[in-house]
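Encoded as structure tokens, the structure appears first; notes follow it.
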Amino acid sequence: MKKIVLLAALAIFSVTAVNAQKKAKKTTAPKIETPKTPAIEGAGMVFENETIDYGTIAADSDGNRKFVFTNNGNKPLVITNTQGSCGCTVPTTPKEPIAPGAKGFIGVHYATDRAGQPFTKTVTVTSNAVGQETKVLTIKGTVLPRATPAEPATPTKS
């Protein structure tokens, strides 16, 4: 009887030990497919965002931002000009053509020294994109006023 109980316990222990050594199956999260931008004949230009909101920023802070776009056409995209709506908005133009399917960006610098004012400015992009030779992008936000310097304490007479 002791041998049967010992044999049964040994069998249960062996089965448990063997099952514990099995590798757990890896489960992978389902892939989320991003919608593809429709391809067009010729050069194309699809922006991730056509408006950049700076939010509320401090005076004299970093005013640089980027508009990211993809050439969804089958020919190189050539940006021939970018023009800010005023001197406080300075865009940068990509120098090289953007290959089909490639990403590029248009940099924009807003002069944040104009303190205490909300702003909404535009950047006009001129390119060889089919159907949208000119594209208007927008930047907006508010620049906080500068802190006023504290007045020096006046000495008191005793």
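Labeling convention for the structure tokens: chains A, B, ... as they appear, residues from 1 per chain, ligands from 1 in order of appearance.
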Determine, counting only C-alpha atoms, which protein, DNA and RNA residues have an atom within 9 Å of an atom of Gln117 in chain A; residues of the same chain fewer than 4 positions away are not included. Present the result as a PDB file with N, CA, C and O atoms, in the first residue's frame.
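Wrote it out as out-v9.pdb, contents follow:
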```pdb
ATOM      1  N   GLY A 141      -1.647  80.699 -31.190  1.00  0.00           N
ATOM      2  CA  GLY A 141      -1.286  80.566 -29.796  1.00  0.00           C
ATOM      3  C   GLY A 141      -1.363  81.906 -29.098  1.00  0.00           C
ATOM      4  O   GLY A 141      -1.866  82.893 -29.643  1.00  0.00           O
ATOM      5  N   THR A 142      -0.847  81.946 -27.885  1.00  0.00           N
ATOM      6  CA  THR A 142      -0.812  83.166 -27.096  1.00  0.00           C
ATOM      7  C   THR A 142       0.549  83.271 -26.438  1.00  0.00           C
ATOM      8  O   THR A 142       1.027  82.308 -25.841  1.00  0.00           O
ATOM      9  N   VAL A 143       1.161  84.441 -26.561  1.00  0.00           N
ATOM     10  CA  VAL A 143       2.435  84.706 -25.898  1.00  0.00           C
ATOM     11  C   VAL A 143       2.123  85.479 -24.621  1.00  0.00           C
ATOM     12  O   VAL A 143       1.478  86.529 -24.657  1.00  0.00           O
ATOM     13  N   LEU A 144       2.578  84.947 -23.502  1.00  0.00           N
ATOM     14  CA  LEU A 144       2.345  85.594 -22.210  1.00  0.00           C
ATOM     15  C   LEU A 144       3.096  86.919 -22.122  1.00  0.00           C
ATOM     16  O   LEU A 144       4.166  87.068 -22.715  1.00  0.00           O
ATOM     17  N   PRO A 145       2.567  87.870 -21.339  1.00  0.00           N
ATOM     18  CA  PRO A 145       3.310  89.113 -21.145  1.00  0.00           C
ATOM     19  C   PRO A 145       4.561  88.852 -20.310  1.00  0.00           C
ATOM     20  O   PRO A 145       4.621  87.897 -19.538  1.00  0.00           O
TER      21      PRO A 145
END
```
Could you list, as a VMD selection string, every residue within 9 Å of range 52-68 of chain A, counting only C-alpha atoms and ignoring same-chain residues fewer than 5 positions away? chain A and resid 46 to 47 103 to 116 118 137 to 146
Same residues, N, CA and C atoms, saved as a PDB file, in the first residue's frame:
```
ATOM      1  N   VAL A  46       0.216  65.465 -48.286  1.00  0.00           N
ATOM      2  CA  VAL A  46      -0.770  65.274 -47.226  1.00  0.00           C
ATOM      3  C   VAL A  46      -0.089  65.619 -45.906  1.00  0.00           C
ATOM      4  N   PHE A  47      -0.640  66.596 -45.184  1.00  0.00           N
ATOM      5  CA  PHE A  47      -0.054  67.044 -43.922  1.00  0.00           C
ATOM      6  C   PHE A  47      -0.634  66.257 -42.758  1.00  0.00           C
ATOM      7  N   LYS A 103       8.513  61.245 -46.300  1.00  0.00           N
ATOM      8  CA  LYS A 103       8.031  62.351 -45.473  1.00  0.00           C
ATOM      9  C   LYS A 103       8.994  63.523 -45.575  1.00  0.00           C
ATOM     10  N   GLY A 104       8.468  64.697 -45.350  1.00  0.00           N
ATOM     11  CA  GLY A 104       9.268  65.905 -45.316  1.00  0.00           C
ATOM     12  C   GLY A 104       8.659  66.843 -44.300  1.00  0.00           C
ATOM     13  N   PHE A 105       9.281  67.987 -44.114  1.00  0.00           N
ATOM     14  CA  PHE A 105       8.697  68.954 -43.191  1.00  0.00           C
ATOM     15  C   PHE A 105       8.985  70.370 -43.640  1.00  0.00           C
ATOM     16  N   ILE A 106       8.102  71.254 -43.214  1.00  0.00           N
ATOM     17  CA  ILE A 106       8.270  72.678 -43.413  1.00  0.00           C
ATOM     18  C   ILE A 106       8.417  73.269 -42.022  1.00  0.00           C
ATOM     19  N   GLY A 107       9.571  73.853 -41.765  1.00  0.00           N
ATOM     20  CA  GLY A 107       9.810  74.473 -40.467  1.00  0.00           C
ATOM     21  C   GLY A 107       9.198  75.861 -40.443  1.00  0.00           C
ATOM     22  N   VAL A 108       8.766  76.277 -39.269  1.00  0.00           N
ATOM     23  CA  VAL A 108       8.240  77.625 -39.120  1.00  0.00           C
ATOM     24  C   VAL A 108       8.738  78.179 -37.783  1.00  0.00           C
ATOM     25  N   HIS A 109       9.149  79.445 -37.824  1.00  0.00           N
ATOM     26  CA  HIS A 109       9.600  80.119 -36.607  1.00  0.00           C
ATOM     27  C   HIS A 109       8.704  81.329 -36.384  1.00  0.00           C
ATOM     28  N   TYR A 110       8.080  81.371 -35.195  1.00  0.00           N
ATOM     29  CA  TYR A 110       7.286  82.542 -34.821  1.00  0.00           C
ATOM     30  C   TYR A 110       8.095  83.357 -33.821  1.00  0.00           C
ATOM     31  N   ALA A 111       8.117  84.674 -34.015  1.00  0.00           N
ATOM     32  CA  ALA A 111       8.873  85.561 -33.138  1.00  0.00           C
ATOM     33  C   ALA A 111       8.101  85.749 -31.832  1.00  0.00           C
ATOM     34  N   THR A 112       8.529  85.029 -30.809  1.00  0.00           N
ATOM     35  CA  THR A 112       7.822  85.066 -29.525  1.00  0.00           C
ATOM     36  C   THR A 112       8.195  86.271 -28.676  1.00  0.00           C
ATOM     37  N   ASP A 113       8.894  87.241 -29.267  1.00  0.00           N
ATOM     38  CA  ASP A 113       9.198  88.461 -28.528  1.00  0.00           C
ATOM     39  C   ASP A 113       8.005  89.425 -28.533  1.00  0.00           C
ATOM     40  N   ARG A 114       6.971  89.079 -29.237  1.00  0.00           N
ATOM     41  CA  ARG A 114       5.750  89.895 -29.270  1.00  0.00           C
ATOM     42  C   ARG A 114       4.872  89.466 -28.102  1.00  0.00           C
ATOM     43  N   ALA A 115       5.224  89.920 -26.927  1.00  0.00           N
ATOM     44  CA  ALA A 115       4.633  89.443 -25.676  1.00  0.00           C
ATOM     45  C   ALA A 115       3.246  90.017 -25.427  1.00  0.00           C
ATOM     46  N   GLY A 116       2.436  89.209 -24.727  1.00  0.00           N
ATOM     47  CA  GLY A 116       1.121  89.643 -24.279  1.00  0.00           C
ATOM     48  C   GLY A 116       0.059  89.644 -25.351  1.00  0.00           C
ATOM     49  N   PRO A 118      -2.329  87.231 -28.278  1.00  0.00           N
ATOM     50  CA  PRO A 118      -2.672  86.007 -29.001  1.00  0.00           C
ATOM     51  C   PRO A 118      -2.299  86.221 -30.473  1.00  0.00           C
ATOM     52  N   LEU A 137      -1.244  76.855 -44.416  1.00  0.00           N
ATOM     53  CA  LEU A 137      -1.090  76.247 -43.098  1.00  0.00           C
ATOM     54  C   LEU A 137      -1.244  77.341 -42.046  1.00  0.00           C
ATOM     55  N   THR A 138      -1.653  76.970 -40.841  1.00  0.00           N
ATOM     56  CA  THR A 138      -1.929  77.960 -39.800  1.00  0.00           C
ATOM     57  C   THR A 138      -1.155  77.654 -38.520  1.00  0.00           C
ATOM     58  N   ILE A 139      -0.647  78.709 -37.896  1.00  0.00           N
ATOM     59  CA  ILE A 139      -0.093  78.602 -36.542  1.00  0.00           C
ATOM     60  C   ILE A 139      -0.892  79.551 -35.664  1.00  0.00           C
ATOM     61  N   LYS A 140      -1.059  79.153 -34.396  1.00  0.00           N
ATOM     62  CA  LYS A 140      -1.796  80.020 -33.484  1.00  0.00           C
ATOM     63  C   LYS A 140      -1.333  79.777 -32.060  1.00  0.00           C
ATOM     64  N   GLY A 141      -1.647  80.699 -31.190  1.00  0.00           N
ATOM     65  CA  GLY A 141      -1.286  80.566 -29.796  1.00  0.00           C
ATOM     66  C   GLY A 141      -1.363  81.906 -29.098  1.00  0.00           C
ATOM     67  N   THR A 142      -0.847  81.946 -27.885  1.00  0.00           N
ATOM     68  CA  THR A 142      -0.812  83.166 -27.096  1.00  0.00           C
ATOM     69  C   THR A 142       0.549  83.271 -26.438  1.00  0.00           C
ATOM     70  N   VAL A 143       1.161  84.441 -26.561  1.00  0.00           N
ATOM     71  CA  VAL A 143       2.435  84.706 -25.898  1.00  0.00           C
ATOM     72  C   VAL A 143       2.123  85.479 -24.621  1.00  0.00           C
ATOM     73  N   LEU A 144       2.578  84.947 -23.502  1.00  0.00           N
ATOM     74  CA  LEU A 144       2.345  85.594 -22.210  1.00  0.00           C
ATOM     75  C   LEU A 144       3.096  86.919 -22.122  1.00  0.00           C
ATOM     76  N   PRO A 145       2.567  87.870 -21.339  1.00  0.00           N
ATOM     77  CA  PRO A 145       3.310  89.113 -21.145  1.00  0.00           C
ATOM     78  C   PRO A 145       4.561  88.852 -20.310  1.00  0.00           C
ATOM     79  N   ARG A 146       5.546  89.695 -20.489  1.00  0.00           N
ATOM     80  CA  ARG A 146       6.773  89.579 -19.702  1.00  0.00           C
ATOM     81  C   ARG A 146       6.473  89.960 -18.259  1.00  0.00           C
TER      82      ARG A 146
END
```
Would you kindly return, as an MDAnalysis selection string, each protein, DNA or RNA residue with an atom no farther than 12 Å from any atom of Met45 in chain A, considering only C-alpha atoms and excluding same-chain residues fewer than 5 positions away? chainID A and resid 37:40 50 67:79 97:106 125:135
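Note that CA of Pro94 in chain A and CA of Thr80 in chain A are 8.7 Å apart.
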